[in-house]
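To keep things clear, I will list the structure first and then write my remarks on it.
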Amino acid sequence: MDASIPETVGATSTTKQASTPSGVEIKPRNRSHDIAAALQQDWLDDNAFLTAVFNGMSITFPAGEKFFIDSVRHYRQDITDPVLQEHVRGFCGQEGFHRREHQIYNETLCAARGYDLQKLEGKLTRRLAWAQKNLSPIQNLAITVAIEHFTAVLSELLLSSDSVMDKAHSSMRELWRWHAAEEMEHKSVAFDVFLAVGGTEKLRIFVMRRATFLIALELTRALIYILRKDGKLFNLKLWFKGLAGLFGKQGAFSGGLQPYKEFYTEGFHPWQQDTRHLLTEWASEDAIEFA
Ligand SMILES: [Fe+2]
Ligand SMILES: [Fe+2]
């Protein structure tokens, strides 16, 4: 890991609140994805378990991303750095497009495979509505900062050269890597706003412990629902192979533990992990696909 934080762009030193490194543009790309055919299949490595894990993640995105936008937007009047204000606009634009595309993804998936979307996402939607009603704005922003770290770690895995997405249907690979690239571009925006409005390290870490538990709970719930509907819940061989595919030696998530743990260190910053090379690689591949 590169412990130094890359050089940032920003306003004068007294007002600077943005920390996204120079050369990283937080650019909302209004993309649509032709994924209907892929969603009818086990689109990831022809593996029902891995496919269910990623489909389950997608189910949580629209409600989650609305929550992120709301919690960051709440503070937009308090941001004095015009660069960070611009980053917040980029953040909200990117999350807005992600939300739309994953809503289409989820509706198409559920229609194709007979899942009940309301049942799948209802609990999370109610949980987030409860948080908005009962927690303070800074606590909700801390939840956003914590989950944005999860998405940043996942993005790093999905954009790496040995990513599990290389085993995905091409249209799904394109969608997940587009989302991952934009998550990486804006990975410090909620964090910067959190610091700018007085969020503390203690709160950030406290919230991450609870967010980790709730994310694991939500994803497990979605996985169990999907596998039950697919008639594969008690297929132990599938579970064994699937868990190895996630956490085994070259599993989809196996490189994520260390960067996840960095969040708990004092003085953590999302860009201490300099991932700009992954954005450059993605951009050159994307430029060919969208030429
Ligand atoms: Fe997103
Ligand atoms: Fe995000």
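Ligands are numbered from 1 in the order shown, residues from 1 within each chain, and chains are lettered A, B, ... in the order they appear in the structure tokens.
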
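Close contacts of Ala48 in chain A, defined as residues with an atom at most 9 Å away when counting only C-alpha atoms, with chain neighbours fewer than 5 positions off set aside, comprise Gln41, Asp42, Trp43, Val53, Leu227, Asp230, Lys232, Leu238 and Gly242 of chain A.
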
Could you save the residues just selected, with all heavy atoms, as a PDB file, in the first residue's frame?
```pdb
ATOM      1  N   GLN A  41     -29.703 -15.852 -17.051  1.00  0.00           N
ATOM      2  CA  GLN A  41     -28.755 -16.960 -16.858  1.00  0.00           C
ATOM      3  C   GLN A  41     -27.944 -16.765 -15.577  1.00  0.00           C
ATOM      4  O   GLN A  41     -27.994 -15.718 -14.964  1.00  0.00           O
ATOM      5  CB  GLN A  41     -27.742 -16.994 -18.009  1.00  0.00           C
ATOM      6  CG  GLN A  41     -28.288 -16.785 -19.383  1.00  0.00           C
ATOM      7  CD  GLN A  41     -27.214 -16.248 -20.341  1.00  0.00           C
ATOM      8  OE1 GLN A  41     -26.009 -16.432 -20.132  1.00  0.00           O
ATOM      9  NE2 GLN A  41     -27.658 -15.563 -21.378  1.00  0.00           N
ATOM     10  N   ASP A  42     -27.138 -17.797 -15.259  1.00  0.00           N
ATOM     11  CA  ASP A  42     -26.120 -17.641 -14.217  1.00  0.00           C
ATOM     12  C   ASP A  42     -24.943 -16.953 -14.889  1.00  0.00           C
ATOM     13  O   ASP A  42     -24.016 -17.586 -15.388  1.00  0.00           O
ATOM     14  CB  ASP A  42     -25.728 -19.018 -13.649  1.00  0.00           C
ATOM     15  CG  ASP A  42     -26.886 -19.629 -12.889  1.00  0.00           C
ATOM     16  OD1 ASP A  42     -27.733 -18.868 -12.375  1.00  0.00           O
ATOM     17  OD2 ASP A  42     -26.966 -20.864 -12.831  1.00  0.00           O
ATOM     18  N   TRP A  43     -25.008 -15.629 -14.891  1.00  0.00           N
ATOM     19  CA  TRP A  43     -24.134 -14.822 -15.765  1.00  0.00           C
ATOM     20  C   TRP A  43     -22.695 -14.729 -15.281  1.00  0.00           C
ATOM     21  O   TRP A  43     -21.814 -14.292 -16.018  1.00  0.00           O
ATOM     22  CB  TRP A  43     -24.722 -13.422 -15.956  1.00  0.00           C
ATOM     23  CG  TRP A  43     -24.954 -12.659 -14.683  1.00  0.00           C
ATOM     24  CD1 TRP A  43     -26.133 -12.599 -13.979  1.00  0.00           C
ATOM     25  CD2 TRP A  43     -24.009 -11.881 -13.944  1.00  0.00           C
ATOM     26  NE1 TRP A  43     -25.963 -11.828 -12.853  1.00  0.00           N
ATOM     27  CE2 TRP A  43     -24.668 -11.372 -12.803  1.00  0.00           C
ATOM     28  CE3 TRP A  43     -22.666 -11.551 -14.137  1.00  0.00           C
ATOM     29  CZ2 TRP A  43     -24.035 -10.568 -11.857  1.00  0.00           C
ATOM     30  CZ3 TRP A  43     -22.031 -10.742 -13.205  1.00  0.00           C
ATOM     31  CH2 TRP A  43     -22.713 -10.267 -12.081  1.00  0.00           C
ATOM     32  N   VAL A  53     -24.886 -13.878  -5.422  1.00  0.00           N
ATOM     33  CA  VAL A  53     -24.209 -12.902  -4.551  1.00  0.00           C
ATOM     34  C   VAL A  53     -24.217 -11.522  -5.215  1.00  0.00           C
ATOM     35  O   VAL A  53     -24.589 -10.515  -4.600  1.00  0.00           O
ATOM     36  CB  VAL A  53     -22.762 -13.351  -4.240  1.00  0.00           C
ATOM     37  CG1 VAL A  53     -21.966 -12.210  -3.599  1.00  0.00           C
ATOM     38  CG2 VAL A  53     -22.770 -14.566  -3.323  1.00  0.00           C
ATOM     39  N   LEU A 227     -31.359 -18.079  -3.644  1.00  0.00           N
ATOM     40  CA  LEU A 227     -31.057 -19.513  -3.806  1.00  0.00           C
ATOM     41  C   LEU A 227     -32.293 -20.368  -3.505  1.00  0.00           C
ATOM     42  O   LEU A 227     -32.517 -21.394  -4.156  1.00  0.00           O
ATOM     43  CB  LEU A 227     -29.883 -19.922  -2.913  1.00  0.00           C
ATOM     44  CG  LEU A 227     -28.511 -19.374  -3.336  1.00  0.00           C
ATOM     45  CD1 LEU A 227     -27.423 -19.832  -2.376  1.00  0.00           C
ATOM     46  CD2 LEU A 227     -28.136 -19.793  -4.769  1.00  0.00           C
ATOM     47  N   ASP A 230     -34.433 -20.209  -6.502  1.00  0.00           N
ATOM     48  CA  ASP A 230     -33.818 -20.965  -7.604  1.00  0.00           C
ATOM     49  C   ASP A 230     -33.838 -22.471  -7.330  1.00  0.00           C
ATOM     50  O   ASP A 230     -33.377 -23.262  -8.156  1.00  0.00           O
ATOM     51  CB  ASP A 230     -32.352 -20.528  -7.800  1.00  0.00           C
ATOM     52  CG  ASP A 230     -32.246 -19.133  -8.425  1.00  0.00           C
ATOM     53  OD1 ASP A 230     -33.288 -18.579  -8.821  1.00  0.00           O
ATOM     54  OD2 ASP A 230     -31.112 -18.603  -8.516  1.00  0.00           O
ATOM     55  N   LYS A 232     -32.027 -23.955  -5.037  1.00  0.00           N
ATOM     56  CA  LYS A 232     -30.648 -24.417  -4.831  1.00  0.00           C
ATOM     57  C   LYS A 232     -30.140 -24.149  -3.410  1.00  0.00           C
ATOM     58  O   LYS A 232     -28.936 -24.269  -3.149  1.00  0.00           O
ATOM     59  CB  LYS A 232     -29.723 -23.717  -5.843  1.00  0.00           C
ATOM     60  CG  LYS A 232     -30.002 -24.202  -7.252  1.00  0.00           C
ATOM     61  CD  LYS A 232     -29.268 -23.437  -8.303  1.00  0.00           C
ATOM     62  CE  LYS A 232     -29.579 -24.029  -9.667  1.00  0.00           C
ATOM     63  NZ  LYS A 232     -29.250 -23.179 -10.774  1.00  0.00           N
ATOM     64  N   LEU A 238     -22.812 -26.607  -4.156  1.00  0.00           N
ATOM     65  CA  LEU A 238     -22.857 -25.243  -4.712  1.00  0.00           C
ATOM     66  C   LEU A 238     -22.346 -24.223  -3.680  1.00  0.00           C
ATOM     67  O   LEU A 238     -21.570 -23.324  -4.023  1.00  0.00           O
ATOM     68  CB  LEU A 238     -24.295 -24.904  -5.115  1.00  0.00           C
ATOM     69  CG  LEU A 238     -24.497 -23.516  -5.736  1.00  0.00           C
ATOM     70  CD1 LEU A 238     -23.994 -23.486  -7.164  1.00  0.00           C
ATOM     71  CD2 LEU A 238     -25.964 -23.115  -5.697  1.00  0.00           C
ATOM     72  N   GLY A 242     -19.142 -22.074  -4.152  1.00  0.00           N
ATOM     73  CA  GLY A 242     -19.408 -20.633  -4.174  1.00  0.00           C
ATOM     74  C   GLY A 242     -18.582 -19.889  -3.135  1.00  0.00           C
ATOM     75  O   GLY A 242     -17.995 -18.843  -3.432  1.00  0.00           O
TER      76      GLY A 242
END
```

Exercise answer, 7 Å around ligand 1 with only C-alpha atoms and all ligand atoms, as a list in words: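 These are the residues that qualify: Glu65, Gln94, Glu95, His98, Arg99, His179 and Glu183 of chain A.
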
Residues at most 8 Å from range 73-77 of chain A, counting only C-alpha atoms, excluding those fewer than 3 positions away in the same chain, as a ChimeraX atom specification? /A:69-70,80,85,88,92,137,193,197

Just write the chosen residues, N, CA and C atoms, as a tab-separated table (two decimals), in the first residue's frame.
```tsv
chain	number	residue	atom	x	y	z
A	69	ILE	N	-26.97	9.76	-1.43
A	69	ILE	CA	-27.19	11.09	-2.02
A	69	ILE	C	-27.82	12.02	-0.98
A	70	ASP	N	-28.86	11.52	-0.30
A	70	ASP	CA	-29.56	12.36	0.69
A	70	ASP	C	-28.62	12.79	1.81
A	80	THR	N	-17.56	24.84	1.99
A	80	THR	CA	-17.07	26.14	1.53
A	80	THR	C	-16.12	26.04	0.35
A	85	GLN	N	-17.63	21.25	-3.59
A	85	GLN	CA	-19.02	21.44	-4.05
A	85	GLN	C	-19.21	20.77	-5.41
A	88	VAL	N	-19.29	17.05	-5.03
A	88	VAL	CA	-20.59	16.58	-4.51
A	88	VAL	C	-21.59	16.48	-5.66
A	92	CYS	N	-23.38	12.98	-6.68
A	92	CYS	CA	-24.83	12.79	-6.76
A	92	CYS	C	-25.24	12.36	-8.17
A	137	PRO	N	-28.10	13.69	11.15
A	137	PRO	CA	-27.49	13.78	9.81
A	137	PRO	C	-26.03	13.33	9.78
A	193	VAL	N	-16.65	15.37	2.84
A	193	VAL	CA	-17.77	16.15	3.41
A	193	VAL	C	-17.86	15.87	4.92
A	197	VAL	N	-17.49	18.82	7.80
A	197	VAL	CA	-18.58	19.26	8.69
A	197	VAL	C	-18.37	18.75	10.12
```

Work out how far CA of Ala190 in chain A is from CA of Glu262 in chain A, in Å to one decimal. 17.0 Å

For range 104-108 of chain A, please output as a tab-separated table (two decimals) with all heavy atoms, in the first residue's frame all residues within 9 Å (counting only C-alpha atoms; exclusion window: fewer than 6 positions along the same chain).
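What follows is the written file result14.tsv:
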```
chain	number	residue	atom	x	y	z
A	33	HIS	N	-27.52	-0.22	-20.20
A	33	HIS	CA	-26.87	-1.52	-20.38
A	33	HIS	C	-27.88	-2.56	-20.86
A	33	HIS	O	-28.97	-2.68	-20.29
A	33	HIS	CB	-26.23	-1.96	-19.06
A	33	HIS	CG	-25.18	-1.00	-18.59
A	33	HIS	ND1	-25.48	0.08	-17.80
A	33	HIS	CD2	-23.85	-0.95	-18.83
A	33	HIS	CE1	-24.37	0.76	-17.56
A	33	HIS	NE2	-23.37	0.16	-18.17
A	35	ILE	N	-28.78	-5.81	-20.61
A	35	ILE	CA	-28.45	-6.96	-19.76
A	35	ILE	C	-29.59	-7.98	-19.60
A	35	ILE	O	-29.45	-8.95	-18.86
A	35	ILE	CB	-28.02	-6.48	-18.35
A	35	ILE	CG1	-29.08	-5.57	-17.74
A	35	ILE	CG2	-26.66	-5.77	-18.41
A	35	ILE	CD1	-28.81	-5.14	-16.31
A	36	ALA	N	-30.70	-7.73	-20.31
A	36	ALA	CA	-31.88	-8.59	-20.09
A	36	ALA	C	-31.58	-10.06	-20.37
A	36	ALA	O	-31.98	-10.94	-19.59
A	36	ALA	CB	-33.04	-8.10	-20.95
A	39	LEU	N	-29.33	-11.63	-17.62
A	39	LEU	CA	-29.96	-11.82	-16.31
A	39	LEU	C	-30.82	-13.08	-16.22
A	39	LEU	O	-31.20	-13.51	-15.13
A	39	LEU	CB	-30.79	-10.58	-15.95
A	39	LEU	CG	-29.97	-9.36	-15.53
A	39	LEU	CD1	-30.84	-8.13	-15.37
A	39	LEU	CD2	-29.20	-9.64	-14.24
A	40	GLN	N	-31.13	-13.64	-17.37
A	40	GLN	CA	-31.89	-14.89	-17.34
A	40	GLN	C	-31.00	-16.08	-17.00
A	40	GLN	O	-31.47	-17.18	-16.72
A	40	GLN	CB	-32.55	-15.12	-18.70
A	40	GLN	CG	-33.59	-14.06	-18.98
A	40	GLN	CD	-34.35	-14.32	-20.26
A	40	GLN	OE1	-34.33	-15.43	-20.78
A	40	GLN	NE2	-35.03	-13.32	-20.76
A	55	ASN	N	-26.13	-10.50	-7.79
A	55	ASN	CA	-27.52	-10.04	-7.98
A	55	ASN	C	-28.06	-9.50	-6.64
A	55	ASN	O	-28.77	-8.50	-6.62
A	55	ASN	CB	-28.41	-11.18	-8.48
A	55	ASN	CG	-28.18	-11.48	-9.97
A	55	ASN	OD1	-27.56	-10.67	-10.68
A	55	ASN	ND2	-28.66	-12.62	-10.43
A	58	SER	N	-26.79	-6.06	-6.08
A	58	SER	CA	-27.51	-5.10	-6.92
A	58	SER	C	-28.85	-4.72	-6.29
A	58	SER	O	-29.26	-3.56	-6.36
A	58	SER	CB	-27.74	-5.70	-8.33
A	58	SER	OG	-28.54	-4.82	-9.09
A	59	ILE	N	-29.51	-5.70	-5.66
A	59	ILE	CA	-30.81	-5.43	-5.03
A	59	ILE	C	-30.69	-4.31	-4.00
A	59	ILE	O	-31.59	-3.48	-3.84
A	59	ILE	CB	-31.35	-6.72	-4.35
A	59	ILE	CG1	-31.70	-7.79	-5.41
A	59	ILE	CG2	-32.55	-6.42	-3.44
A	59	ILE	CD1	-32.88	-7.48	-6.29
A	117	LEU	N	-39.44	-8.40	-5.87
A	117	LEU	CA	-38.50	-7.31	-5.59
A	117	LEU	C	-38.82	-6.60	-4.28
A	117	LEU	O	-37.93	-6.26	-3.51
A	117	LEU	CB	-38.48	-6.32	-6.77
A	117	LEU	CG	-37.51	-5.14	-6.66
A	117	LEU	CD1	-36.08	-5.60	-6.38
A	117	LEU	CD2	-37.54	-4.29	-7.93
```

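Each of A:Leu157, A:Leu236, A:Ile147, A:Leu195 was checked against ligand 2 using only C-alpha atoms and all ligand atoms; the smallest atom-to-atom distance is that of A:Ile147.
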
Find the residues near Ser136 in chain A: any atom within 12 Å, counting only C-alpha atoms, skip ones fewer than 5 places away on the same chain, and give them as a PDB file with all heavy atoms, in the first residue's frame.
```pdb
ATOM      1  N   SER A  71     -27.789  11.854   2.275  1.00  0.00           N
ATOM      2  CA  SER A  71     -26.962  12.190   3.446  1.00  0.00           C
ATOM      3  C   SER A  71     -25.835  13.151   3.082  1.00  0.00           C
ATOM      4  O   SER A  71     -25.449  13.979   3.906  1.00  0.00           O
ATOM      5  CB  SER A  71     -26.434  10.934   4.132  1.00  0.00           C
ATOM      6  OG  SER A  71     -25.677  10.187   3.240  1.00  0.00           O
ATOM      7  N   HIS A  74     -27.467  16.771   2.246  1.00  0.00           N
ATOM      8  CA  HIS A  74     -27.907  17.482   3.442  1.00  0.00           C
ATOM      9  C   HIS A  74     -26.911  18.579   3.840  1.00  0.00           C
ATOM     10  O   HIS A  74     -27.293  19.616   4.382  1.00  0.00           O
ATOM     11  CB  HIS A  74     -28.069  16.479   4.600  1.00  0.00           C
ATOM     12  CG  HIS A  74     -28.429  17.134   5.896  1.00  0.00           C
ATOM     13  ND1 HIS A  74     -29.739  17.403   6.258  1.00  0.00           N
ATOM     14  CD2 HIS A  74     -27.659  17.635   6.894  1.00  0.00           C
ATOM     15  CE1 HIS A  74     -29.743  18.025   7.414  1.00  0.00           C
ATOM     16  NE2 HIS A  74     -28.505  18.174   7.843  1.00  0.00           N
ATOM     17  N   TRP A 130     -35.841   4.288   8.599  1.00  0.00           N
ATOM     18  CA  TRP A 130     -35.748   4.418  10.069  1.00  0.00           C
ATOM     19  C   TRP A 130     -34.519   5.274  10.423  1.00  0.00           C
ATOM     20  O   TRP A 130     -34.601   6.169  11.269  1.00  0.00           O
ATOM     21  CB  TRP A 130     -35.638   3.025  10.705  1.00  0.00           C
ATOM     22  CG  TRP A 130     -35.532   3.110  12.201  1.00  0.00           C
ATOM     23  CD1 TRP A 130     -36.560   3.086  13.107  1.00  0.00           C
ATOM     24  CD2 TRP A 130     -34.320   3.275  12.979  1.00  0.00           C
ATOM     25  NE1 TRP A 130     -36.065   3.239  14.383  1.00  0.00           N
ATOM     26  CE2 TRP A 130     -34.699   3.354  14.350  1.00  0.00           C
ATOM     27  CE3 TRP A 130     -32.969   3.368  12.657  1.00  0.00           C
ATOM     28  CZ2 TRP A 130     -33.770   3.512  15.373  1.00  0.00           C
ATOM     29  CZ3 TRP A 130     -32.045   3.533  13.684  1.00  0.00           C
ATOM     30  CH2 TRP A 130     -32.450   3.606  15.022  1.00  0.00           C
ATOM     31  N   ALA A 131     -33.397   4.995   9.772  1.00  0.00           N
ATOM     32  CA  ALA A 131     -32.166   5.740  10.067  1.00  0.00           C
ATOM     33  C   ALA A 131     -32.356   7.224   9.757  1.00  0.00           C
ATOM     34  O   ALA A 131     -31.942   8.089  10.544  1.00  0.00           O
ATOM     35  CB  ALA A 131     -30.999   5.172   9.263  1.00  0.00           C
ATOM     36  N   LEU A 141     -24.439  10.368   7.605  1.00  0.00           N
ATOM     37  CA  LEU A 141     -23.281  10.586   6.728  1.00  0.00           C
ATOM     38  C   LEU A 141     -22.164   9.586   7.064  1.00  0.00           C
ATOM     39  O   LEU A 141     -21.480   9.082   6.166  1.00  0.00           O
ATOM     40  CB  LEU A 141     -22.787  12.037   6.865  1.00  0.00           C
ATOM     41  CG  LEU A 141     -21.657  12.447   5.933  1.00  0.00           C
ATOM     42  CD1 LEU A 141     -22.035  12.263   4.460  1.00  0.00           C
ATOM     43  CD2 LEU A 141     -21.258  13.906   6.178  1.00  0.00           C
ATOM     44  N   ALA A 142     -22.013   9.270   8.340  1.00  0.00           N
ATOM     45  CA  ALA A 142     -20.996   8.281   8.744  1.00  0.00           C
ATOM     46  C   ALA A 142     -21.336   6.896   8.161  1.00  0.00           C
ATOM     47  O   ALA A 142     -20.435   6.144   7.759  1.00  0.00           O
ATOM     48  CB  ALA A 142     -20.906   8.216  10.266  1.00  0.00           C
ATOM     49  N   ILE A 143     -22.625   6.572   8.098  1.00  0.00           N
ATOM     50  CA  ILE A 143     -23.037   5.297   7.475  1.00  0.00           C
ATOM     51  C   ILE A 143     -22.630   5.314   6.003  1.00  0.00           C
ATOM     52  O   ILE A 143     -22.080   4.346   5.465  1.00  0.00           O
ATOM     53  CB  ILE A 143     -24.572   5.086   7.616  1.00  0.00           C
ATOM     54  CG1 ILE A 143     -24.946   4.908   9.091  1.00  0.00           C
ATOM     55  CG2 ILE A 143     -25.032   3.892   6.776  1.00  0.00           C
ATOM     56  CD1 ILE A 143     -26.455   4.897   9.350  1.00  0.00           C
ATOM     57  N   GLY A 199     -17.142  15.649  11.282  1.00  0.00           N
ATOM     58  CA  GLY A 199     -17.259  14.227  11.639  1.00  0.00           C
ATOM     59  C   GLY A 199     -15.979  13.733  12.309  1.00  0.00           C
ATOM     60  O   GLY A 199     -14.880  14.128  11.908  1.00  0.00           O
ATOM     61  N   LEU A 203     -16.581   8.379  15.605  1.00  0.00           N
ATOM     62  CA  LEU A 203     -17.893   8.062  15.018  1.00  0.00           C
ATOM     63  C   LEU A 203     -17.723   7.221  13.756  1.00  0.00           C
ATOM     64  O   LEU A 203     -18.450   6.241  13.543  1.00  0.00           O
ATOM     65  CB  LEU A 203     -18.646   9.362  14.699  1.00  0.00           C
ATOM     66  CG  LEU A 203     -19.996   9.177  14.002  1.00  0.00           C
ATOM     67  CD1 LEU A 203     -20.985   8.441  14.890  1.00  0.00           C
ATOM     68  CD2 LEU A 203     -20.590  10.541  13.591  1.00  0.00           C
TER      69      LEU A 203
END
```

Measuring between only C-alpha atoms and all ligand atoms, which one of A:Lys16, A:Arg127, A:Lys237, A:His149 shows the shortest distance to ligand 2?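 Using only C-alpha atoms and all ligand atoms, the shortest distance to ligand 2 belongs to A:His149.
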
Residues of range 22-250 of chain A in helix (DSSP H, G or I) according to DSSP, as a PyMOL selection string? chain A and resi 36-39+48-73+76-78+82-113+117-134+137-159+164-167+170-185+189-196+201-229+236-247

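Comparing A:Ala63, A:Ala111, A:Ile226, A:Met57 by their smallest distance to Gly96 in chain A, the closest is A:Ala63 (using only C-alpha atoms).
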
Closest to ligand 2 among A:Gly122, A:Gly56, A:Gly251, A:Pro62, using only C-alpha atoms and all ligand atoms?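 Using only C-alpha atoms and all ligand atoms, the shortest distance to ligand 2 belongs to A:Pro62.
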
So the first atom is CA of Val153 in chain A and the second is CA of Phe54 in chain A; what is the distance between them in Å, to one decimal place? 14.7 Å

Find the spatial neighbours of range 263-276 of chain A, counting only C-alpha atoms, within a cut-off of 12 Å - ignore same-chain residues fewer than 6 positions away - and output them as a ChimeraX atom specification. /A:1-8,18-25,145-153,155-157,159-160,180-192,194-195,200-209,212,256-257,282-283

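Distance-wise, CA of Gly255 in chain A and CA of Trp178 in chain A end up 20.1 Å apart.
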
For Leu217 in chain A, please output as a PyMOL selection string all residues within 12 Å (counting only C-alpha atoms; exclusion window: fewer than 3 positions along the same chain). chain A and resi 56-57+60+123-124+210-214+220-224

Hey, which of A:Asp45, A:Asp78, A:Glu101, A:Asp286 ends up closest to Leu246 in chain A? Count only C-alpha atoms.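 Result for the nearest residue to Leu246 in chain A: A:Asp45.
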
Closest of A:Arg31, A:Lys66, A:Lys241, A:Lys167 to ligand 2 - atom-to-atom distances counting only C-alpha atoms and all ligand atoms: A:Lys66
